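Structure file upload-v6.cif with mmCIF, C-alpha atoms and all ligand atoms:
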```
data_model
loop_
_atom_site.label_atom_id
_atom_site.label_comp_id
_atom_site.auth_asym_id
_atom_site.auth_seq_id
_atom_site.Cartn_x
_atom_site.Cartn_y
_atom_site.Cartn_z
CA MET A 1290 -6.65 9.96 18.49
CA THR A 1291 -7.73 6.98 20.62
CA ASP A 1292 -7.29 3.30 19.78
CA ASP A 1293 -10.91 2.98 18.83
CA GLU A 1294 -10.74 6.08 16.64
CA SER A 1295 -8.07 4.41 14.52
CA ARG A 1296 -10.40 1.46 14.17
CA ASP A 1297 -13.09 3.79 12.80
CA ASP A 1298 -10.67 5.00 10.19
CA ALA A 1299 -9.81 1.49 9.10
CA ASP A 1300 -13.36 0.61 8.11
CA ASP A 1301 -14.71 0.41 4.56
CA THR A 1302 -16.18 3.26 2.60
CA PRO A 1303 -19.51 2.88 0.80
CA GLN A 1304 -19.58 1.49 -2.71
CA SER A 1305 -21.52 3.26 -5.37
CA GLU A 1306 -23.98 0.50 -6.17
CA GLN A 1307 -27.31 0.07 -4.42
CA PRO A 1308 -26.85 -2.42 -1.58
CA HIS A 1309 -28.87 -5.60 -1.17
CA SER A 1310 -31.48 -4.46 -3.69
CA ASP A 1311 -32.18 -8.12 -4.39
CA LEU A 1312 -33.89 -8.35 -1.00
CA VAL A 1313 -36.93 -6.50 -2.21
CA THR A 1314 -38.01 -6.92 -5.78
CA SER A 1315 -41.22 -5.43 -7.02
CA HIS A 1316 -43.23 -8.64 -7.19
CA HIS A 1317 -42.35 -9.37 -3.57
CA TYR A 1318 -43.85 -6.16 -2.32
CA TRP A 1319 -46.49 -6.57 0.26
CA GLU A 1320 -49.29 -4.11 -0.24
CA PRO A 1321 -51.46 -3.00 2.68
CA PRO A 1322 -54.96 -4.38 2.12
CA GLU A 1323 -57.74 -1.97 1.20
CA ARG A 1324 -59.47 -2.81 4.45
CA PRO A 1325 -56.53 -3.17 6.84
CA SER A 1326 -58.59 -4.80 9.58
CA ASP A 1327 -58.65 -7.98 7.49
CA ALA A 1328 -55.02 -8.67 8.26
CA ILE A 1329 -54.82 -7.59 11.87
CA GLU A 1330 -55.19 -9.65 14.98
CA THR A 1331 -56.41 -7.61 17.88
CA ASP A 1332 -56.40 -10.26 20.58
CA GLY A 1333 -52.61 -9.99 20.94
CA SER A 1334 -52.09 -13.74 21.00
CA PRO A 1335 -48.78 -14.85 19.48
CA LYS A 1336 -49.11 -16.08 15.93
CA PRO A 1337 -46.46 -17.58 13.69
CA GLU A 1338 -44.57 -14.84 11.90
CA ASP A 1339 -46.17 -14.13 8.54
CA LYS A 1340 -43.32 -13.22 6.23
CA ARG A 1341 -45.71 -11.69 3.72
CA ARG A 1342 -47.21 -9.32 6.21
CA PRO A 1343 -45.09 -6.25 6.94
CA LEU A 1344 -43.44 -5.99 10.31
CA LEU A 1345 -44.99 -2.57 10.81
CA GLN A 1346 -48.16 -1.01 9.44
CA VAL A 1347 -49.02 2.58 10.21
CA GLU A 1348 -52.43 3.76 9.15
CA ARG A 1349 -53.71 7.32 8.87
CA LEU A 1350 -51.42 8.43 11.67
CA ALA A 1351 -51.72 12.01 12.90
CA LYS A 1352 -49.86 13.95 15.55
CA TYR A 1353 -51.15 17.42 16.37
CA PHE A 1354 -49.38 19.48 19.02
CA PRO A 1355 -51.63 21.94 20.86
CA VAL A 1356 -50.21 25.46 21.13
CA ARG A 1357 -51.81 28.57 22.58
CA ARG A 1358 -51.94 31.61 20.34
CA GLY A 1359 -51.49 34.90 22.23
CA LEU A 1360 -52.23 35.53 25.90
CA PHE A 1361 -55.98 34.86 25.68
CA GLY A 1362 -55.82 33.14 22.35
CA ARG A 1363 -57.49 29.90 21.50
CA THR A 1364 -55.60 26.65 21.28
CA ALA A 1365 -54.32 25.96 17.80
CA PHE A 1366 -52.74 22.75 16.55
CA VAL A 1367 -49.40 22.16 14.87
CA ARG A 1368 -50.15 19.42 12.39
CA ALA A 1369 -46.72 17.84 12.56
CA VAL A 1370 -47.93 14.53 11.08
CA ASP A 1371 -51.20 14.50 9.22
CA ASN A 1372 -52.88 11.35 7.97
CA VAL A 1373 -49.77 9.32 7.15
CA SER A 1374 -49.91 5.65 6.20
CA TYR A 1375 -46.84 3.52 5.57
CA TYR A 1376 -45.44 0.09 6.16
CA VAL A 1377 -42.02 -1.50 6.67
CA ARG A 1378 -41.33 -5.10 5.78
CA HIS A 1379 -39.05 -7.56 7.55
CA GLY A 1380 -35.41 -6.71 6.81
CA GLU A 1381 -36.40 -3.61 4.86
CA THR A 1382 -35.24 0.01 5.07
CA LEU A 1383 -37.72 2.76 4.39
CA GLY A 1384 -35.88 6.03 3.85
CA LEU A 1385 -37.65 9.21 4.91
CA VAL A 1386 -36.67 12.57 3.45
CA GLY A 1387 -38.01 16.12 3.45
CA GLU A 1388 -37.14 19.63 4.53
CA SER A 1389 -36.51 20.54 8.14
CA GLY A 1390 -39.73 20.72 10.17
CA CYS A 1391 -41.81 18.55 7.80
CA GLY A 1392 -42.49 16.02 10.55
CA LYS A 1393 -39.94 13.25 10.05
CA SER A 1394 -38.86 12.92 13.69
CA THR A 1395 -42.43 13.27 14.92
CA LEU A 1396 -43.48 10.46 12.58
CA GLY A 1397 -40.67 8.25 13.91
CA ARG A 1398 -41.37 9.02 17.55
CA THR A 1399 -45.14 8.64 17.21
CA THR A 1400 -44.72 5.32 15.43
CA LEU A 1401 -42.76 4.08 18.47
CA ARG A 1402 -45.36 5.60 20.79
CA LEU A 1403 -42.68 7.78 22.38
CA SER A 1404 -45.17 10.48 21.47
CA GLU A 1405 -48.88 9.65 21.64
CA PRO A 1406 -50.71 9.63 18.30
CA THR A 1407 -53.65 12.02 17.93
CA TYR A 1408 -55.33 9.71 15.43
CA GLY A 1409 -54.47 6.61 13.50
CA ARG A 1410 -53.31 3.12 14.12
CA ILE A 1411 -49.96 1.38 14.62
CA VAL A 1412 -49.75 -2.33 14.00
CA PHE A 1413 -46.53 -4.14 14.83
CA GLU A 1414 -46.08 -7.88 14.22
CA GLY A 1415 -49.80 -8.06 13.59
CA LYS A 1416 -50.71 -6.47 16.95
CA ASP A 1417 -52.57 -3.21 17.12
CA LEU A 1418 -50.60 -1.40 19.80
CA THR A 1419 -52.17 2.03 19.34
CA HIS A 1420 -54.00 1.88 22.65
CA TYR A 1421 -51.72 -0.46 24.59
CA SER A 1422 -50.98 0.62 28.16
CA GLU A 1423 -47.33 1.20 29.14
CA ARG A 1424 -47.36 -2.24 30.75
CA GLN A 1425 -48.69 -3.91 27.62
CA LEU A 1426 -46.15 -1.99 25.56
CA ARG A 1427 -43.14 -3.06 27.61
CA PRO A 1428 -42.38 -6.33 25.78
CA LEU A 1429 -42.80 -4.53 22.44
CA ARG A 1430 -40.60 -1.58 23.42
CA ARG A 1431 -37.71 -4.03 23.24
CA LYS A 1432 -38.44 -4.76 19.63
CA MET A 1433 -38.79 -1.14 18.52
CA GLN A 1434 -35.74 1.00 19.17
CA ILE A 1435 -34.41 4.40 18.17
CA VAL A 1436 -30.93 5.66 17.32
CA PHE A 1437 -30.62 9.43 17.66
CA GLN A 1438 -28.78 12.10 15.74
CA ASP A 1439 -26.67 13.29 18.63
CA PRO A 1440 -25.08 10.28 20.28
CA TYR A 1441 -23.59 12.39 23.05
CA SER A 1442 -26.78 13.91 24.42
CA SER A 1443 -28.52 10.54 24.29
CA LEU A 1444 -25.88 8.80 26.45
CA ASN A 1445 -25.79 9.41 30.20
CA PRO A 1446 -22.35 11.04 30.82
CA ARG A 1447 -22.17 9.60 34.34
CA MET A 1448 -22.57 6.00 33.24
CA THR A 1449 -19.86 3.75 31.87
CA VAL A 1450 -20.40 2.01 28.56
CA ARG A 1451 -20.92 -1.22 30.47
CA GLN A 1452 -23.71 0.40 32.50
CA ILE A 1453 -25.29 2.10 29.46
CA VAL A 1454 -25.48 -1.06 27.38
CA GLY A 1455 -26.08 -3.35 30.39
CA GLU A 1456 -29.00 -1.25 31.69
CA ALA A 1457 -31.26 -2.29 28.82
CA LEU A 1458 -30.36 -5.96 29.30
CA HIS A 1459 -31.22 -5.61 32.95
CA ILE A 1460 -34.53 -3.77 32.50
CA HIS A 1461 -35.78 -6.35 30.04
CA ARG A 1462 -34.41 -9.24 32.11
CA LEU A 1463 -32.37 -10.57 29.22
CA VAL A 1464 -29.57 -11.70 31.51
CA THR A 1465 -29.68 -13.51 34.82
CA SER A 1466 -26.28 -12.77 36.32
CA LYS A 1467 -23.58 -10.08 36.37
CA SER A 1468 -21.16 -12.30 34.49
CA GLU A 1469 -23.72 -13.04 31.80
CA GLU A 1470 -24.41 -9.31 31.50
CA GLU A 1471 -20.72 -8.54 31.12
CA ALA A 1472 -20.25 -11.23 28.50
CA ARG A 1473 -23.25 -9.93 26.54
CA VAL A 1474 -22.07 -6.30 26.70
CA GLU A 1475 -18.66 -7.40 25.47
CA GLN A 1476 -20.25 -9.29 22.59
CA LEU A 1477 -22.35 -6.26 21.64
CA LEU A 1478 -19.38 -3.90 21.69
CA VAL A 1479 -17.43 -6.20 19.41
CA LYS A 1480 -20.44 -6.43 17.11
CA VAL A 1481 -20.50 -2.64 16.65
CA GLY A 1482 -16.74 -2.42 16.18
CA LEU A 1483 -15.59 -1.31 19.63
CA ARG A 1484 -12.98 -2.93 21.80
CA PRO A 1485 -14.19 -4.85 24.87
CA GLU A 1486 -11.94 -2.63 27.05
CA SER A 1487 -14.25 0.28 26.14
CA MET A 1488 -16.66 -1.06 28.74
CA ALA A 1489 -15.08 0.73 31.65
CA ARG A 1490 -14.95 4.12 29.95
CA TYR A 1491 -17.37 7.07 29.91
CA PRO A 1492 -19.06 8.62 26.83
CA HIS A 1493 -16.86 11.75 26.83
CA GLU A 1494 -13.78 9.56 26.29
CA PHE A 1495 -15.00 8.58 22.82
CA SER A 1496 -15.14 10.24 19.41
CA GLY A 1497 -18.50 11.04 17.77
CA GLY A 1498 -18.43 7.91 15.63
CA GLN A 1499 -17.61 5.72 18.59
CA ARG A 1500 -20.41 7.28 20.62
CA GLN A 1501 -22.83 6.48 17.83
CA ARG A 1502 -21.53 2.89 17.94
CA ILE A 1503 -22.33 2.82 21.67
CA GLY A 1504 -25.84 4.14 20.90
CA ILE A 1505 -26.28 1.38 18.33
CA ALA A 1506 -24.97 -1.27 20.79
CA ARG A 1507 -27.50 -0.04 23.36
CA ALA A 1508 -30.32 -0.31 20.81
CA LEU A 1509 -29.17 -3.79 19.75
CA ALA A 1510 -28.89 -5.06 23.33
CA VAL A 1511 -32.62 -5.71 23.52
CA GLU A 1512 -32.68 -7.63 20.23
CA PRO A 1513 -34.94 -5.26 18.32
CA LYS A 1514 -36.64 -5.93 15.01
CA PHE A 1515 -37.32 -2.35 14.03
CA ILE A 1516 -35.09 0.69 14.56
CA VAL A 1517 -35.91 4.30 13.81
CA CYS A 1518 -32.59 5.83 12.76
CA ASP A 1519 -33.24 9.56 13.16
CA GLU A 1520 -30.43 11.37 11.34
CA PRO A 1521 -27.94 8.84 12.74
CA ILE A 1522 -24.97 10.26 10.87
CA SER A 1523 -25.63 13.97 10.43
CA ALA A 1524 -23.78 14.98 13.61
CA LEU A 1525 -20.73 12.93 12.60
CA ASP A 1526 -17.58 13.78 10.71
CA VAL A 1527 -17.95 13.03 7.01
CA SER A 1528 -15.10 10.52 7.24
CA ILE A 1529 -16.93 8.56 9.93
CA GLN A 1530 -20.42 8.68 8.35
CA ALA A 1531 -19.72 5.90 5.85
CA GLN A 1532 -18.54 3.58 8.60
CA ILE A 1533 -21.70 4.02 10.64
CA VAL A 1534 -23.87 3.57 7.54
CA ASN A 1535 -22.04 0.37 6.64
CA LEU A 1536 -22.30 -0.86 10.22
CA LEU A 1537 -26.09 -0.36 10.11
CA LEU A 1538 -26.25 -2.24 6.79
CA ASP A 1539 -24.13 -5.13 8.08
CA LEU A 1540 -26.26 -5.41 11.20
CA GLN A 1541 -29.40 -5.35 9.10
CA GLU A 1542 -28.18 -8.23 7.01
CA GLU A 1543 -27.01 -10.25 9.98
CA LEU A 1544 -30.04 -9.66 12.20
CA ASN A 1545 -32.75 -9.08 9.56
CA LEU A 1546 -33.48 -5.66 11.05
CA SER A 1547 -35.98 -3.20 9.62
CA TYR A 1548 -35.18 0.51 9.61
CA LEU A 1549 -37.02 3.76 9.22
CA PHE A 1550 -34.01 5.78 8.09
CA ILE A 1551 -34.45 9.53 8.43
CA SER A 1552 -31.83 11.73 6.81
CA HIS A 1553 -31.23 15.03 5.08
CA ASP A 1554 -28.57 13.33 3.01
CA LEU A 1555 -30.40 12.14 -0.08
CA LYS A 1556 -27.38 10.25 -1.38
CA VAL A 1557 -27.13 8.22 1.82
CA VAL A 1558 -30.87 7.57 1.77
CA GLU A 1559 -30.57 6.23 -1.77
CA TYR A 1560 -27.66 4.04 -0.70
CA VAL A 1561 -29.35 2.45 2.32
CA SER A 1562 -33.04 2.33 1.38
CA HIS A 1563 -35.15 -0.27 -0.34
CA ARG A 1564 -37.99 2.24 -0.56
CA VAL A 1565 -38.04 5.98 0.00
CA ALA A 1566 -40.86 8.22 1.25
CA VAL A 1567 -40.84 11.97 0.70
CA MET A 1568 -42.59 14.13 3.29
CA TYR A 1569 -43.91 17.64 2.93
CA LEU A 1570 -45.66 19.51 5.72
CA GLY A 1571 -46.76 16.45 7.69
CA LYS A 1572 -47.77 14.27 4.75
CA ILE A 1573 -46.10 11.67 2.54
CA VAL A 1574 -46.28 13.09 -0.98
CA GLU A 1575 -44.40 10.36 -2.85
CA VAL A 1576 -43.21 6.86 -1.96
CA ALA A 1577 -41.54 4.31 -4.21
CA PRO A 1578 -38.82 1.68 -4.45
CA ALA A 1579 -35.56 3.64 -4.14
CA ASP A 1580 -34.28 2.94 -7.65
CA ALA A 1581 -37.63 3.93 -9.19
CA LEU A 1582 -37.80 7.18 -7.24
CA TYR A 1583 -34.26 8.24 -8.01
CA GLU A 1584 -34.87 7.47 -11.68
CA GLN A 1585 -38.30 9.02 -12.13
CA ARG A 1586 -39.68 11.62 -9.71
CA HIS A 1587 -43.33 12.35 -10.35
CA HIS A 1588 -44.07 14.87 -7.60
CA PRO A 1589 -42.92 18.46 -8.25
CA TYR A 1590 -41.65 18.70 -4.66
CA THR A 1591 -39.59 15.50 -4.98
CA ARG A 1592 -38.13 16.86 -8.22
CA ALA A 1593 -37.03 20.06 -6.56
CA LEU A 1594 -35.69 18.22 -3.53
CA MET A 1595 -33.72 15.69 -5.51
CA SER A 1596 -32.41 17.94 -8.24
CA ALA A 1597 -30.25 19.29 -5.47
CA ILE A 1598 -28.30 16.04 -5.02
CA PRO A 1599 -25.22 16.49 -7.24
CA ILE A 1600 -24.36 19.97 -5.98
CA PRO A 1601 -21.96 19.79 -3.05
CA ASP A 1602 -23.40 22.86 -1.29
CA PRO A 1603 -25.41 22.63 1.94
CA GLU A 1604 -28.88 21.21 1.32
CA ARG A 1605 -31.01 24.10 2.42
CA ARG A 1606 -29.22 26.76 0.37
CA ARG A 1607 -29.85 24.73 -2.77
CA LEU A 1608 -33.49 24.20 -1.86
CA ARG A 1609 -34.09 27.92 -1.48
CA ILE A 1610 -32.91 28.44 -5.04
CA LEU A 1611 -35.12 25.72 -6.44
CA LEU A 1612 -38.21 26.24 -4.34
CA GLU A 1613 -39.73 29.65 -4.06
CA GLY A 1614 -40.93 30.80 -0.66
CA ASP A 1615 -40.50 29.29 2.78
CA VAL A 1616 -42.07 26.10 4.06
CA PRO A 1617 -45.55 27.16 5.27
CA SER A 1618 -46.33 26.74 8.96
CA PRO A 1619 -47.88 23.43 10.00
CA LEU A 1620 -50.01 25.60 12.35
CA ASP A 1621 -51.86 26.92 9.36
CA PRO A 1622 -51.18 24.68 6.37
CA PRO A 1623 -52.34 25.85 2.92
CA SER A 1624 -55.66 24.49 1.66
CA GLY A 1625 -55.82 21.66 -0.87
CA CYS A 1626 -52.31 20.47 -1.75
CA ALA A 1627 -50.08 22.05 0.89
CA PHE A 1628 -47.35 22.51 -1.72
CA HIS A 1629 -49.51 24.66 -4.03
CA PRO A 1630 -48.14 28.11 -3.02
CA ARG A 1631 -44.63 26.97 -4.08
CA CYS A 1632 -45.50 24.66 -6.95
CA PRO A 1633 -44.74 25.63 -10.56
CA ARG A 1634 -47.37 23.15 -11.81
CA SER A 1635 -50.18 24.25 -9.51
CA GLN A 1636 -53.60 24.31 -11.17
CA PRO A 1637 -55.77 26.99 -9.54
CA GLY A 1638 -59.24 25.80 -8.69
CA GLN A 1639 -58.07 22.27 -8.02
CA CYS A 1640 -54.67 22.23 -6.31
CA ASP A 1641 -55.63 24.96 -3.82
CA VAL A 1642 -58.99 23.34 -3.07
CA GLU A 1643 -58.70 19.56 -3.02
CA THR A 1644 -56.08 17.48 -1.20
CA PRO A 1645 -54.61 14.96 -3.65
CA PRO A 1646 -54.68 11.34 -2.46
CA LEU A 1647 -51.48 9.26 -2.36
CA LYS A 1648 -52.01 6.72 -5.11
CA GLU A 1649 -50.21 4.63 -7.70
CA LEU A 1650 -49.80 6.31 -11.08
CA THR A 1651 -49.39 2.96 -12.77
CA PRO A 1652 -51.20 0.07 -11.09
CA GLY A 1653 -48.72 -2.43 -9.66
CA SER A 1654 -45.76 -0.03 -9.81
CA HIS A 1655 -45.69 0.56 -6.04
CA HIS A 1656 -44.83 4.13 -6.90
CA ARG A 1657 -47.36 6.34 -5.16
CA VAL A 1658 -47.77 10.06 -5.66
CA ALA A 1659 -50.05 12.67 -4.10
CA CYS A 1660 -50.44 15.16 -6.93
CA TRP A 1661 -53.17 16.35 -9.34
CA ASN A 1662 -50.67 17.23 -12.06
CA PRO A 1663 -47.63 14.96 -11.67
CA HIS A 1664 -44.64 14.80 -13.99
CA THR A 1665 -44.99 11.69 -16.14
N1 LIG B 1 -43.41 19.17 21.16
C1 LIG B 1 -43.78 19.96 20.17
N2 LIG B 1 -44.68 20.97 20.36
C2 LIG B 1 -45.07 21.77 19.34
N3 LIG B 1 -44.62 21.63 18.07
C3 LIG B 1 -43.74 20.66 17.82
C4 LIG B 1 -43.25 19.77 18.84
N4 LIG B 1 -42.37 18.90 18.30
C5 LIG B 1 -42.30 19.21 16.99
N5 LIG B 1 -43.10 20.27 16.71
C6 LIG B 1 -43.31 20.89 15.39
O1 LIG B 1 -43.72 19.87 14.52
C7 LIG B 1 -43.17 20.08 13.22
C8 LIG B 1 -42.40 18.85 12.80
O2 LIG B 1 -41.23 18.74 13.61
P1 LIG B 1 -40.18 17.56 13.43
O3 LIG B 1 -39.14 17.74 14.47
O4 LIG B 1 -40.92 16.28 13.42
O5 LIG B 1 -39.59 17.85 11.99
P2 LIG B 1 -38.35 17.17 11.25
O6 LIG B 1 -38.80 16.86 9.87
O7 LIG B 1 -37.81 16.05 12.06
O8 LIG B 1 -37.30 18.38 11.20
P3 LIG B 1 -35.70 18.31 11.19
O9 LIG B 1 -35.31 17.85 9.81
O10 LIG B 1 -35.28 19.72 11.45
O11 LIG B 1 -35.25 17.36 12.27
C9 LIG B 1 -42.32 21.33 13.32
O12 LIG B 1 -43.10 22.44 12.88
C10 LIG B 1 -42.04 21.46 14.79
O13 LIG B 1 -41.84 22.79 15.16
S1 LIG B 2 -51.26 18.80 -6.54
FE1 LIG B 2 -50.93 20.66 -7.73
S2 LIG B 2 -49.87 22.05 -6.34
FE2 LIG B 2 -49.71 20.00 -5.48
S3 LIG B 2 -47.78 19.26 -6.23
FE3 LIG B 2 -49.33 18.55 -7.65
S4 LIG B 2 -49.40 20.12 -9.24
FE4 LIG B 2 -48.31 21.02 -7.52
MG MG B 3 -35.96 15.67 12.98
#
```

Would you put the structure from the file into structure tokens?
Ligand SMILES: Nc1ncnc2c1ncn2[C@@H]1O[C@H](COP(=O)(O)OP(=O)(O)OP(=O)(O)O)[C@@H](O)[C@H]1O
Ligand code: SF4
Ligand SMILES: [Mg+2]
Amino acid sequence: MTDDESRDDADDTPQSEQPHSDLVTSHHYWEPPERPSDAIETDGSPKPEDKRRPLLQVERLAKYFPVRRGLFGRTAFVRAVDNVSYYVRHGETLGLVGESGCGKSTLGRTTLRLSEPTYGRIVFEGKDLTHYSERQLRPLRRKMQIVFQDPYSSLNPRMTVRQIVGEALHIHRLVTSKSEEEARVEQLLVKVGLRPESMARYPHEFSGGQRQRIGIARALAVEPKFIVCDEPISALDVSIQAQIVNLLLDLQEELNLSYLFISHDLKVVEYVSHRVAVMYLGKIVEVAPADALYEQRHHPYTRALMSAIPIPDPERRRLRILLEGDVPSPLDPPSGCAFHPRCPRSQPGQCDVETPPLKELTPGSHHRVACWNPHT
């Protein structure tokens, strides 16, 4: 065990209560306007930060991947993300859950324009960046970062920690001299719980938890406002997961960061999120304040997904028991509500024909469900 490993072990474990839930109370919720263009500046000129407007608005976003079927087959499209709208407020965490392959990572990557959207609009700090060129995007790239599941494969093994974290500072011209760069890297390492001496070492010399800390330091170097955390703890030892989660929460509080937090671990999502969105086959089927969703699940899919929480078995095995059949292919999604072939509440003639809209069951509840026959 290395010195830094022992530091990992010394950190706190999560408490059972919902963290910082006072940050977002229902009457403070910002709702996207009916006609979103009302609130969006398209000229890109800097405006004073409007605290009531969300940091990020994503509207009717779609990402279809073209794939060729057979040797002479026609091009078909994998509808990885299909008509998804969501928003994230300043200092807020939106949790994102759903079975493997439902489009969570694609939604995160497309939101950051690491993958080009097929349709839809992305508005960040009031600027519509959907069609920005790479050059126009550069100053915004700084503010929108990603932390990956596998910290090892996302860190260049031939670079020292100093180079990995310093590179971002350099690219975005956030430092003017070598000594300033070194001081800043040192500061960042301390912030994520690593020793300054770690600077001279290479990624393979660290444990999984420490490598994730390096990944977080690299993301923080450019002073982001929004971070997509794509399964940031699922590759880590269970004993280390809580430390990384708590680190992300502490950093959020200190720096007022916003997160899109993607995870298979529904308990962790409940712990970190102010709101939670549930995805099924490329669409959000339910979204609500975390406490409301964990208390009352209206969508049959959310019910099945979340009834699995208390059982300590691996997620997917439990899901197979609760949900009949496999997840359909996003190449050929079922008609109407995509969940209808697996849904015990499906109403033939409606559910298999019409796609249910995502809407509030009770006006003002901020609890939205896409279902013709929800649990009430
Ligand atoms: N580059 C690509 N080309 C074609 N299909 C893709 C591509 N990337 C993703 N997909 C498909 O898009 C769908 C959504 O994938 P995605 O990785 O976003 O799911 P996910 O919810 O993140 O899954 P997991 O929980 O396993 O990480 C899947 O059917 C996947 O096979
Ligand atoms: S719309 Fe119908 S099929 Fe879809 S989840 Fe609701 S009840 Fe089930
Ligand atoms: Mg993924």

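Close contacts of Gly1380 (chain A), defined as residues with an atom at most 8 Å away when counting all atoms listed in the file, with chain neighbours fewer than 3 positions off set aside, comprise Gln1541, Glu1542, Asn1545, Leu1546, Ser1547 and Tyr1548 of chain A.
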
Exercise for review: Kindly compile the residues surrounding ligand MG 3 (chain B) within 7 Å, counting all atoms listed in the file, and format them as a ChimeraX atom specification.
Suggested key: /A:1389-1390,1392-1394,1519

Check your understanding: Which residues form the shell of 10 Å around ligand LIG 1 (chain B) when you count only C-alpha atoms and all ligand atoms, given as a PyMOL selection string?
Key -> chain A and resi 1352-1356+1366-1370+1385-1399+1404+1438+1519-1520+1551-1553+1568-1571+1616-1620

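Atom to atom, CA of Ile1529 (chain A) and CA of Gln1499 (chain A) stand 9.1 Å apart.
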
Exercise for review: Return as a PyMOL selection string the residues of protein, DNA or RNA that approach ligand LIG 2 (chain B) to within 10 Å, with all atoms listed in the file taken into account.
Suggested key: chain A and resi 1574+1587-1591+1625-1646+1658-1664

Just-selected residues, C-alpha atoms written as a PDB file, in the frame of the given file:
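selection10.pdb, freshly written:
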```pdb
ATOM      1  CA  VAL A1574     -46.280  13.090  -0.980  1.00  0.00           C
ATOM      2  CA  HIS A1587     -43.330  12.350 -10.350  1.00  0.00           C
ATOM      3  CA  HIS A1588     -44.070  14.870  -7.600  1.00  0.00           C
ATOM      4  CA  PRO A1589     -42.920  18.460  -8.250  1.00  0.00           C
ATOM      5  CA  TYR A1590     -41.650  18.700  -4.660  1.00  0.00           C
ATOM      6  CA  THR A1591     -39.590  15.500  -4.980  1.00  0.00           C
ATOM      7  CA  GLY A1625     -55.820  21.660  -0.870  1.00  0.00           C
ATOM      8  CA  CYS A1626     -52.310  20.470  -1.750  1.00  0.00           C
ATOM      9  CA  ALA A1627     -50.080  22.050   0.890  1.00  0.00           C
ATOM     10  CA  PHE A1628     -47.350  22.510  -1.720  1.00  0.00           C
ATOM     11  CA  HIS A1629     -49.510  24.660  -4.030  1.00  0.00           C
ATOM     12  CA  PRO A1630     -48.140  28.110  -3.020  1.00  0.00           C
ATOM     13  CA  ARG A1631     -44.630  26.970  -4.080  1.00  0.00           C
ATOM     14  CA  CYS A1632     -45.500  24.660  -6.950  1.00  0.00           C
ATOM     15  CA  PRO A1633     -44.740  25.630 -10.560  1.00  0.00           C
ATOM     16  CA  ARG A1634     -47.370  23.150 -11.810  1.00  0.00           C
ATOM     17  CA  SER A1635     -50.180  24.250  -9.510  1.00  0.00           C
ATOM     18  CA  GLN A1636     -53.600  24.310 -11.170  1.00  0.00           C
ATOM     19  CA  PRO A1637     -55.770  26.990  -9.540  1.00  0.00           C
ATOM     20  CA  GLY A1638     -59.240  25.800  -8.690  1.00  0.00           C
ATOM     21  CA  GLN A1639     -58.070  22.270  -8.020  1.00  0.00           C
ATOM     22  CA  CYS A1640     -54.670  22.230  -6.310  1.00  0.00           C
ATOM     23  CA  ASP A1641     -55.630  24.960  -3.820  1.00  0.00           C
ATOM     24  CA  VAL A1642     -58.990  23.340  -3.070  1.00  0.00           C
ATOM     25  CA  GLU A1643     -58.700  19.560  -3.020  1.00  0.00           C
ATOM     26  CA  THR A1644     -56.080  17.480  -1.200  1.00  0.00           C
ATOM     27  CA  PRO A1645     -54.610  14.960  -3.650  1.00  0.00           C
ATOM     28  CA  PRO A1646     -54.680  11.340  -2.460  1.00  0.00           C
ATOM     29  CA  VAL A1658     -47.770  10.060  -5.660  1.00  0.00           C
ATOM     30  CA  ALA A1659     -50.050  12.670  -4.100  1.00  0.00           C
ATOM     31  CA  CYS A1660     -50.440  15.160  -6.930  1.00  0.00           C
ATOM     32  CA  TRP A1661     -53.170  16.350  -9.340  1.00  0.00           C
ATOM     33  CA  ASN A1662     -50.670  17.230 -12.060  1.00  0.00           C
ATOM     34  CA  PRO A1663     -47.630  14.960 -11.670  1.00  0.00           C
ATOM     35  CA  HIS A1664     -44.640  14.800 -13.990  1.00  0.00           C
TER      36      HIS A1664
END
```

**Study point:** Atomic distance CA of Glu1584 (chain A) - CA of Gly1653 (chain A), expressed in Å with one decimal
**Key:** 17.1 Å

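Distance-wise, CA of Ala1472 (chain A) and CA of Pro1428 (chain A) end up 22.8 Å apart.
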